[in-house]
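Engineer: CSV, C-alpha atoms, saved as upload-v6.csv, coming up:
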```csv
chain,number,residue,atom,x,y,z
A,18,MET,CA,21.0,-15.5,-18.8
A,19,ARG,CA,24.8,-14.7,-18.6
A,20,ILE,CA,26.4,-15.1,-15.2
A,21,ASP,CA,28.7,-12.3,-14.1
A,22,LEU,CA,32.0,-13.9,-13.3
A,23,SER,CA,34.0,-10.6,-12.7
A,24,PRO,CA,36.2,-10.5,-9.6
A,25,THR,CA,33.7,-8.2,-7.8
A,26,SER,CA,30.6,-10.2,-8.5
A,27,TRP,CA,28.6,-12.7,-6.4
A,28,GLY,CA,28.4,-14.9,-9.5
A,29,ARG,CA,32.1,-15.8,-9.3
A,30,VAL,CA,31.7,-16.5,-5.5
A,31,ILE,CA,28.8,-18.9,-6.0
A,32,ALA,CA,30.2,-20.6,-9.2
A,33,VAL,CA,33.7,-21.3,-7.6
A,34,THR,CA,32.1,-22.5,-4.4
A,35,ILE,CA,29.8,-24.9,-6.3
A,36,VAL,CA,32.6,-26.2,-8.6
A,37,GLY,CA,35.2,-26.5,-5.9
A,38,THR,CA,32.8,-28.3,-3.6
A,39,ALA,CA,31.8,-30.7,-6.4
A,40,ILE,CA,35.4,-31.5,-7.1
A,41,CYS,CA,36.1,-32.2,-3.4
A,42,ILE,CA,33.1,-34.5,-3.3
A,43,GLY,CA,34.2,-36.3,-6.4
A,44,ALA,CA,37.7,-36.7,-5.1
A,45,ALA,CA,36.4,-38.1,-1.8
A,46,PHE,CA,34.2,-40.7,-3.6
A,47,PHE,CA,37.1,-41.6,-5.9
A,48,VAL,CA,39.6,-42.2,-3.1
A,49,ASP,CA,37.1,-44.1,-0.9
A,50,SER,CA,35.8,-46.2,-3.8
A,51,TYR,CA,38.7,-48.6,-3.4
A,52,ASN,CA,37.2,-49.6,0.0
A,53,PHE,CA,33.6,-49.9,-1.1
A,54,PRO,CA,33.8,-53.6,-2.2
A,55,HIS,CA,35.0,-54.6,1.2
A,56,LEU,CA,32.3,-52.8,3.2
A,57,SER,CA,29.0,-54.1,4.5
A,58,PRO,CA,25.8,-52.5,3.1
A,59,GLU,CA,25.4,-50.5,6.3
A,60,ALA,CA,29.1,-49.4,6.4
A,61,LEU,CA,28.9,-48.6,2.6
A,62,ARG,CA,25.9,-46.4,3.2
A,63,TRP,CA,27.7,-44.5,6.0
A,64,ALA,CA,30.9,-44.2,3.9
A,65,LYS,CA,29.0,-42.6,1.0
A,66,LEU,CA,27.2,-40.3,3.3
A,67,THR,CA,30.5,-39.2,4.8
A,68,ASP,CA,32.0,-38.8,1.4
A,69,LEU,CA,29.1,-36.5,0.5
A,70,LEU,CA,28.6,-34.5,3.7
A,71,LEU,CA,32.1,-33.9,4.8
A,72,PRO,CA,33.4,-32.2,1.6
A,73,LEU,CA,30.1,-30.4,1.3
A,74,VAL,CA,30.4,-28.8,4.7
A,75,LEU,CA,34.1,-28.3,4.9
A,76,GLY,CA,34.8,-27.7,1.2
A,77,GLY,CA,31.8,-25.5,0.7
A,78,SER,CA,32.6,-23.4,3.7
A,79,PHE,CA,36.3,-23.1,2.7
A,80,PHE,CA,35.6,-22.1,-1.0
A,81,PHE,CA,32.8,-19.7,0.0
A,82,PHE,CA,35.0,-18.0,2.6
A,83,LEU,CA,38.0,-17.8,0.2
A,84,MET,CA,36.0,-16.3,-2.7
A,85,PHE,CA,34.1,-14.0,-0.4
A,86,LYS,CA,37.4,-12.5,0.9
A,87,MET,CA,38.8,-12.4,-2.7
A,88,ARG,CA,35.7,-10.5,-3.7
A,89,GLN,CA,36.2,-8.0,-0.9
A,90,LEU,CA,39.8,-7.6,-1.9
A,91,ALA,CA,38.8,-7.0,-5.6
A,92,ILE,CA,36.3,-4.3,-4.5
A,93,ALA,CA,38.8,-2.6,-2.3
A,94,GLN,CA,41.4,-2.6,-5.1
A,95,ARG,CA,38.9,-1.1,-7.6
A,96,GLU,CA,37.9,1.6,-5.1
A,97,LEU,CA,41.6,2.4,-4.4
A,98,THR,CA,42.2,2.6,-8.2
A,99,ILE,CA,39.3,5.0,-8.5
A,100,VAL,CA,40.5,7.1,-5.6
A,101,ALA,CA,44.1,7.2,-7.0
A,102,ALA,CA,42.8,8.4,-10.4
A,103,THR,CA,40.3,11.0,-9.1
A,104,ASP,CA,40.9,14.6,-8.0
A,105,SER,CA,39.6,14.7,-4.4
A,106,LEU,CA,38.0,18.1,-4.6
A,107,THR,CA,36.2,18.1,-7.9
A,108,SER,CA,35.7,14.3,-8.4
A,109,VAL,CA,37.0,14.4,-12.0
A,110,PHE,CA,40.2,12.6,-13.2
A,111,ASN,CA,43.5,13.9,-11.9
A,112,ARG,CA,46.3,15.0,-14.2
A,113,GLY,CA,48.0,11.7,-14.4
A,114,ALA,CA,44.9,9.6,-15.0
A,115,PHE,CA,43.6,12.1,-17.6
A,116,SER,CA,46.8,12.1,-19.6
A,117,MET,CA,47.0,8.3,-19.4
A,118,LEU,CA,43.5,7.9,-20.8
A,119,VAL,CA,44.1,10.3,-23.6
A,120,GLU,CA,47.4,8.6,-24.5
A,121,ALA,CA,45.6,5.2,-24.5
A,122,TYR,CA,43.0,6.5,-26.9
A,123,LEU,CA,45.7,7.9,-29.2
A,124,ASP,CA,47.5,4.6,-29.2
A,125,ARG,CA,44.3,2.8,-30.2
A,126,ALA,CA,43.7,5.5,-32.9
A,127,ARG,CA,47.2,4.8,-34.4
A,128,SER,CA,46.3,1.1,-34.7
A,129,HIS,CA,43.0,2.1,-36.3
A,130,THR,CA,40.8,0.5,-33.7
A,131,VAL,CA,39.1,3.8,-33.0
A,132,VAL,CA,38.4,7.0,-34.9
A,133,ASN,CA,41.7,9.0,-35.4
A,134,ALA,CA,40.1,12.4,-34.7
A,135,GLY,CA,38.9,14.4,-31.7
A,136,ALA,CA,39.8,17.5,-29.7
A,137,LEU,CA,41.6,18.7,-26.6
A,138,LEU,CA,40.3,21.7,-24.6
A,139,ILE,CA,42.0,23.5,-21.7
A,140,VAL,CA,39.7,25.4,-19.4
A,141,ASP,CA,41.1,28.0,-17.0
A,142,ALA,CA,39.1,30.0,-14.4
A,143,ASP,CA,39.5,33.7,-14.9
A,144,HIS,CA,40.8,35.9,-12.1
A,145,PHE,CA,40.7,32.9,-9.7
A,146,LYS,CA,43.3,34.3,-7.4
A,147,THR,CA,41.0,37.3,-6.8
A,148,ILE,CA,38.2,34.9,-5.7
A,149,ASN,CA,40.6,33.2,-3.3
A,150,ASP,CA,41.9,36.5,-1.9
A,151,ARG,CA,38.5,38.3,-1.7
A,152,LEU,CA,36.3,35.4,-0.5
A,153,GLY,CA,38.7,32.8,0.9
A,154,HIS,CA,40.0,29.5,-0.2
A,155,ASP,CA,36.8,27.6,0.8
A,156,CYS,CA,34.8,29.7,-1.6
A,157,GLY,CA,37.5,29.1,-4.2
A,158,ASP,CA,37.0,25.4,-3.7
A,159,GLN,CA,33.2,25.8,-4.1
A,160,ALA,CA,33.9,27.7,-7.4
A,161,LEU,CA,36.1,24.9,-8.7
A,162,LYS,CA,33.4,22.3,-7.8
A,163,LEU,CA,30.8,24.3,-9.7
A,164,ILE,CA,33.0,24.7,-12.7
A,165,ALA,CA,33.8,21.0,-12.8
A,166,LYS,CA,30.1,20.1,-12.5
A,167,THR,CA,29.2,22.5,-15.2
A,168,ILE,CA,31.8,21.1,-17.5
A,169,GLN,CA,30.6,17.6,-16.9
A,170,SER,CA,27.0,18.6,-17.7
A,171,GLN,CA,28.1,19.6,-21.2
A,172,LEU,CA,29.9,16.5,-22.2
A,173,ARG,CA,29.0,13.2,-24.0
A,174,GLY,CA,29.4,9.8,-22.4
A,175,ALA,CA,32.7,9.1,-24.0
A,176,ASP,CA,34.3,12.5,-23.2
A,177,ILE,CA,37.0,12.7,-20.6
A,178,VAL,CA,37.6,15.6,-18.1
A,179,GLY,CA,40.4,16.1,-15.7
A,180,ARG,CA,41.8,18.7,-13.3
A,181,ILE,CA,45.3,19.3,-14.5
A,182,GLY,CA,46.2,22.3,-12.3
A,183,GLY,CA,44.9,24.5,-9.5
A,184,GLU,CA,42.1,26.2,-11.5
A,185,GLU,CA,42.8,24.5,-14.8
A,186,PHE,CA,40.8,21.6,-16.4
A,187,ALA,CA,41.4,19.6,-19.6
A,188,ILE,CA,38.7,17.9,-21.7
A,189,PHE,CA,39.3,15.3,-24.4
A,190,LEU,CA,36.6,14.8,-27.0
A,191,PRO,CA,37.3,11.5,-28.8
A,192,GLY,CA,35.9,11.4,-32.3
A,193,ALA,CA,34.5,14.9,-32.3
A,194,ASP,CA,34.8,17.1,-35.4
A,195,PRO,CA,35.9,20.8,-35.2
A,196,ALA,CA,32.4,22.2,-35.2
A,197,GLN,CA,31.2,19.9,-32.5
A,198,SER,CA,34.3,20.6,-30.4
A,199,TRP,CA,33.9,24.3,-30.6
A,200,LEU,CA,30.2,24.1,-29.7
A,201,VAL,CA,31.2,22.1,-26.6
A,202,ALA,CA,33.8,24.7,-25.7
A,203,GLU,CA,31.5,27.6,-26.2
A,204,GLY,CA,28.7,25.8,-24.4
A,205,ILE,CA,30.9,25.3,-21.4
A,206,ARG,CA,32.1,28.9,-21.4
A,207,ARG,CA,28.5,30.2,-21.7
A,208,ARG,CA,27.1,27.9,-19.0
A,209,ILE,CA,29.8,28.9,-16.5
A,210,ARG,CA,29.2,32.5,-17.3
A,211,GLU,CA,25.5,32.0,-16.6
A,212,ALA,CA,26.0,29.9,-13.4
A,213,GLU,CA,24.8,31.4,-10.1
A,214,PHE,CA,27.7,31.5,-7.6
A,215,SER,CA,26.8,33.4,-4.4
A,216,PRO,CA,28.9,32.1,-1.5
A,217,ASP,CA,27.5,33.4,1.8
A,218,GLY,CA,25.0,35.4,-0.2
A,219,ARG,CA,27.6,37.5,-2.0
A,220,PRO,CA,27.2,37.3,-5.8
A,221,CYS,CA,30.5,36.4,-7.6
A,222,PRO,CA,30.3,36.0,-11.4
A,223,LEU,CA,32.5,33.2,-12.8
A,224,SER,CA,34.0,33.0,-16.2
A,225,VAL,CA,36.6,30.8,-18.0
A,226,SER,CA,38.9,31.1,-20.9
A,227,ILE,CA,39.3,28.1,-23.2
A,228,GLY,CA,42.0,27.1,-25.6
A,229,GLY,CA,41.4,24.2,-27.9
A,230,VAL,CA,42.7,22.1,-30.8
A,231,ALA,CA,40.9,19.6,-33.0
A,232,PHE,CA,42.9,16.9,-34.8
A,233,SER,CA,42.4,14.4,-37.5
A,234,GLY,CA,45.3,12.0,-38.1
A,235,PRO,CA,48.3,11.0,-36.1
A,236,THR,CA,49.2,13.2,-33.1
A,237,THR,CA,50.4,13.1,-29.5
A,238,TYR,CA,49.1,14.3,-26.3
A,239,ALA,CA,52.1,16.5,-25.8
A,240,ASP,CA,51.7,18.2,-29.2
A,241,MET,CA,47.9,18.8,-28.6
A,242,PHE,CA,48.5,20.1,-25.2
A,243,LEU,CA,51.1,22.6,-26.4
A,244,LEU,CA,48.8,24.0,-29.1
A,245,ALA,CA,45.7,24.1,-26.8
A,246,ASP,CA,47.8,25.9,-24.1
A,247,LYS,CA,49.0,28.5,-26.7
A,248,HIS,CA,45.3,29.2,-27.6
A,249,LEU,CA,44.4,29.4,-23.9
A,250,TYR,CA,47.1,32.1,-23.6
A,251,LYS,CA,45.6,33.9,-26.6
A,252,ALA,CA,42.1,33.8,-25.0
A,253,LYS,CA,43.5,35.2,-21.8
A,254,SER,CA,45.5,37.9,-23.6
A,255,ASN,CA,42.5,38.9,-25.7
A,256,GLY,CA,40.3,39.7,-22.7
A,257,ARG,CA,39.4,36.4,-21.1
A,258,ASP,CA,35.9,34.8,-21.1
A,259,GLN,CA,36.3,33.5,-24.6
A,260,VAL,CA,37.3,30.5,-26.7
A,261,SER,CA,40.4,30.3,-28.9
A,262,PHE,CA,40.4,27.3,-31.2
A,263,GLU,CA,42.4,25.7,-33.9
A,264,THR,CA,42.2,22.6,-36.2
A,265,THR,CA,45.3,20.7,-37.2
A,266,GLY,CA,46.0,17.8,-39.4
A,267,LEU,CA,42.7,18.0,-41.3
A,268,ARG,CA,43.2,16.7,-44.9
A,269,GLY,CA,42.2,19.3,-47.4
A,270,LEU,CA,41.3,21.9,-44.8
A,271,PRO,CA,43.4,24.9,-43.6
A,272,ALA,CA,43.9,25.6,-40.0
A,273,VAL,CA,41.1,27.6,-38.6
A,274,ASP,CA,41.7,31.2,-37.6
A,275,PRO,CA,41.0,31.4,-33.9
A,276,ALA,CA,39.6,34.9,-34.3
A,277,THR,CA,36.6,33.4,-36.0
A,278,PHE,CA,35.7,31.6,-32.8
A,279,HIS,CA,35.8,34.6,-30.4
```
Write out the structure in this file as structure tokens.
Structural biologist:
Amino acid sequence: MRIDLSPTSWGRVIAVTIVGTAICIGAAFFVDSYNFPHLSPEALRWAKLTDLLLPLVLGGSFFFFLMFKMRQLAIAQRELTIVAATDSLTSVFNRGAFSMLVEAYLDRARSHTVVNAGALLIVDADHFKTINDRLGHDCGDQALKLIAKTIQSQLRGADIVGRIGGEEFAIFLPGADPAQSWLVAEGIRRRIREAEFSPDGRPCPLSVSIGGVAFSGPTTYADMFLLADKHLYKAKSNGRDQVSFETTGLRGLPAVDPATFH
């Protein structure tokens, strides 16, 4: 059985306490051993008992308290890191954390440690200002939460989603091919269209427009975002509630006409 020695685990607390206390006991016996030949049997027995119990109590308490506090600090640091990377309203990644994670994947892809393929989708809620103006910002917040939850329900474990603007979300699909990517985009669009959103009993249909780009080969987040954003604009211009999608950098394949995905 492998012991968890991560900074937030009890395994590290117990292991360091045991090892640290053992070292203290060993040091006490070593230092006191020079006096042992000069002690009577009774005094020798008490000296050894003292060398054992004193470091055991004091050293054990010290190391346990120290590691317990370090564990609490590690947990607090991890929680702060999560909070700093998460959008407080929708509980998905914020813009900075999302772009950092995508860039990290692309860096690994350039070094051939992961598949150099995938897709970026940009999802924008249609007529969102109307929802805020007609129903209020609280209902708008509820709509964003529902959209974020619906997006997450359509993704795989490795996929990344972030809120990158007021009513705009971005999704990165590492390793996905163009067909898979479009199916994800279309699935998100359809599920949001089918979602029941009735704040205060008033039905309010939701829809999103999605721009996407699939890649195979070296690329950057900025280049992908620019292309996906252009396709989002096309989806909006062509009537909203649709997916506009393109492939880029696919060896032997031409770019896909976005009209074929409407």
Engineer: Which is closer to Arg127 of chain A than all the others in A:Ser261, A:Ser233, A:Asn255, A:Thr98, using only C-alpha atoms?
Structural biologist: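 Ranking A:Ser261, A:Ser233, A:Asn255, A:Thr98 by distance to Arg127 of chain A, first place goes to A:Ser233.
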Engineer: I'd like the neighbourhood of Ile164 of chain A as a PyMOL selection string, where a residue qualifies if any of its atoms comes within 9 Å (using all atoms listed in the file), though same-chain residues fewer than 2 positions away should be ignored.
Structural biologist: chain A and resi 107+142+159-162+166-169+205+209+212+223+225
Engineer: Which residues are near segment 75-81 of chain A? Cut-off 12 Å, all atoms listed in the file, ignore same chain within fewer than 6 positions. Put them as a PDB file with C-alpha atoms, in the coordinates of the input.
Structural biologist:
```
ATOM      1  CA  TRP A  27      28.600 -12.700  -6.400  1.00  0.00           C
ATOM      2  CA  GLY A  28      28.400 -14.900  -9.500  1.00  0.00           C
ATOM      3  CA  ARG A  29      32.100 -15.800  -9.300  1.00  0.00           C
ATOM      4  CA  VAL A  30      31.700 -16.500  -5.500  1.00  0.00           C
ATOM      5  CA  ILE A  31      28.800 -18.900  -6.000  1.00  0.00           C
ATOM      6  CA  ALA A  32      30.200 -20.600  -9.200  1.00  0.00           C
ATOM      7  CA  VAL A  33      33.700 -21.300  -7.600  1.00  0.00           C
ATOM      8  CA  THR A  34      32.100 -22.500  -4.400  1.00  0.00           C
ATOM      9  CA  ILE A  35      29.800 -24.900  -6.300  1.00  0.00           C
ATOM     10  CA  VAL A  36      32.600 -26.200  -8.600  1.00  0.00           C
ATOM     11  CA  GLY A  37      35.200 -26.500  -5.900  1.00  0.00           C
ATOM     12  CA  THR A  38      32.800 -28.300  -3.600  1.00  0.00           C
ATOM     13  CA  ALA A  39      31.800 -30.700  -6.400  1.00  0.00           C
ATOM     14  CA  ILE A  40      35.400 -31.500  -7.100  1.00  0.00           C
ATOM     15  CA  CYS A  41      36.100 -32.200  -3.400  1.00  0.00           C
ATOM     16  CA  ILE A  42      33.100 -34.500  -3.300  1.00  0.00           C
ATOM     17  CA  GLY A  43      34.200 -36.300  -6.400  1.00  0.00           C
ATOM     18  CA  ALA A  44      37.700 -36.700  -5.100  1.00  0.00           C
ATOM     19  CA  ALA A  45      36.400 -38.100  -1.800  1.00  0.00           C
ATOM     20  CA  THR A  67      30.500 -39.200   4.800  1.00  0.00           C
ATOM     21  CA  ASP A  68      32.000 -38.800   1.400  1.00  0.00           C
ATOM     22  CA  LEU A  69      29.100 -36.500   0.500  1.00  0.00           C
ATOM     23  CA  MET A  87      38.800 -12.400  -2.700  1.00  0.00           C
ATOM     24  CA  ARG A  88      35.700 -10.500  -3.700  1.00  0.00           C
TER      25      ARG A  88
END
```
Engineer: Neighbouring residues of Phe242 of chain A were defined as those with any atom within 10 Å, considering all atoms listed in the file; residues of the same chain fewer than 4 positions away were excluded. Please report them as a ChimeraX atom specification.
Structural biologist: /A:116,137-139,187,228-230,237-238,246-248
Engineer: Work out how far apart atom CA of Gly135 of chain A and atom CA of Phe232 of chain A are and give it in Å to one decimal.
Structural biologist: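 Between atom CA of Gly135 of chain A and atom CA of Phe232 of chain A the gap is 5.6 Å.
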Engineer: Could you tell me which of A:Asp258, A:Asn149, A:Pro191, A:Glu213 comes closest to Arg125 of chain A if we count only C-alpha atoms?
Structural biologist: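 Of A:Asp258, A:Asn149, A:Pro191, A:Glu213, the one nearest Arg125 of chain A, counting only C-alpha atoms, is A:Pro191.
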Engineer: To one decimal place, how far is atom CA of Asp194 of chain A from atom CA of Ala231 of chain A in Å?
Structural biologist: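 We find that atom CA of Asp194 of chain A and atom CA of Ala231 of chain A lie 7.0 Å from each other.
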Engineer: Residues of segment 165-278 of chain A that have any atom at most 12 Å from an atom of segment 150-154 of chain A: could you tabulate them with the shortest-distance atom pair and the distance in Å to one decimal, using all atoms listed in the file, ordered by chain and increasing number, as CSV?
Structural biologist:
```
residue,atom,partner,partner_atom,distance
A:Gly183,CA,A:His154,CA,11.6
A:Glu184,CA,A:His154,CA,12.0
A:Phe214,CA,A:Leu152,CA,11.8
A:Ser215,CA,A:Leu152,CA,10.5
A:Pro216,CA,A:Leu152,CA,8.2
A:Asp217,CA,A:Leu152,CA,9.3
A:Gly218,CA,A:Leu152,CA,11.3
A:Arg219,CA,A:Leu152,CA,9.1
A:Pro220,CA,A:Leu152,CA,10.7
A:Cys221,CA,A:Leu152,CA,9.2
```
Engineer: Given the choices A:Leu190, A:Ala252, A:Leu22, A:Ile177, which gets closest to Met84 of chain A if the distance is worked out from all atoms listed in the file?
Structural biologist: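 That would be A:Leu22, the residue with the smallest distance to Met84 of chain A.
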Engineer: I need the residue nearest Ile92 of chain A from this list: A:Ser170, A:Gln197, A:Cys156, A:Thr25. Use all atoms listed in the file for the distance.
Structural biologist: A:Thr25
Engineer: Quick one: distance from atom CA of Ser226 of chain A to atom CA of Ala245 of chain A in Å, one decimal?
Structural biologist: 11.4 Å
Engineer: So which residues touch Ser128 of chain A within 12 Å, counting all atoms listed in the file, skipping near sequence neighbours fewer than 6 positions away, as a list of chain:residue names?
Structural biologist: A:Ala121, A:Tyr122, A:Gly234, A:Pro235
Engineer: Restricting the calculation to all atoms listed in the file: of A:Thr236, A:Gln259, A:Thr264, A:Ser254, which residue gets closest to Arg210 of chain A?
Structural biologist: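 Once distances to Arg210 of chain A are computed over all atoms listed in the file, the minimum belongs to A:Gln259.
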Engineer: Find the residues near Ile227 of chain A: any atom within 6 Å, counting only C-alpha atoms, skip ones fewer than 6 places away on the same chain, and give them as a compact mmCIF listing (two decimals) with C-alpha atoms, in the coordinates of the input.
Structural biologist:
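Result went into selection37.txt, see below:
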```txt
# COMPACT_ATOMS: atom_id res chain seq x y z
CA ILE A 139 42.00 23.50 -21.70
CA VAL A 140 39.70 25.40 -19.40
CA LEU A 249 44.40 29.40 -23.90
CA VAL A 260 37.30 30.50 -26.70
```
Engineer: In terms of the shortest atom-to-atom distance over only C-alpha atoms, which of A:His129, A:Phe85, A:Leu123, A:Asp158 is closest to Ser105 of chain A?
Structural biologist: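 Among A:His129, A:Phe85, A:Leu123, A:Asp158, it is A:Asp158 that comes nearest to Ser105 of chain A.
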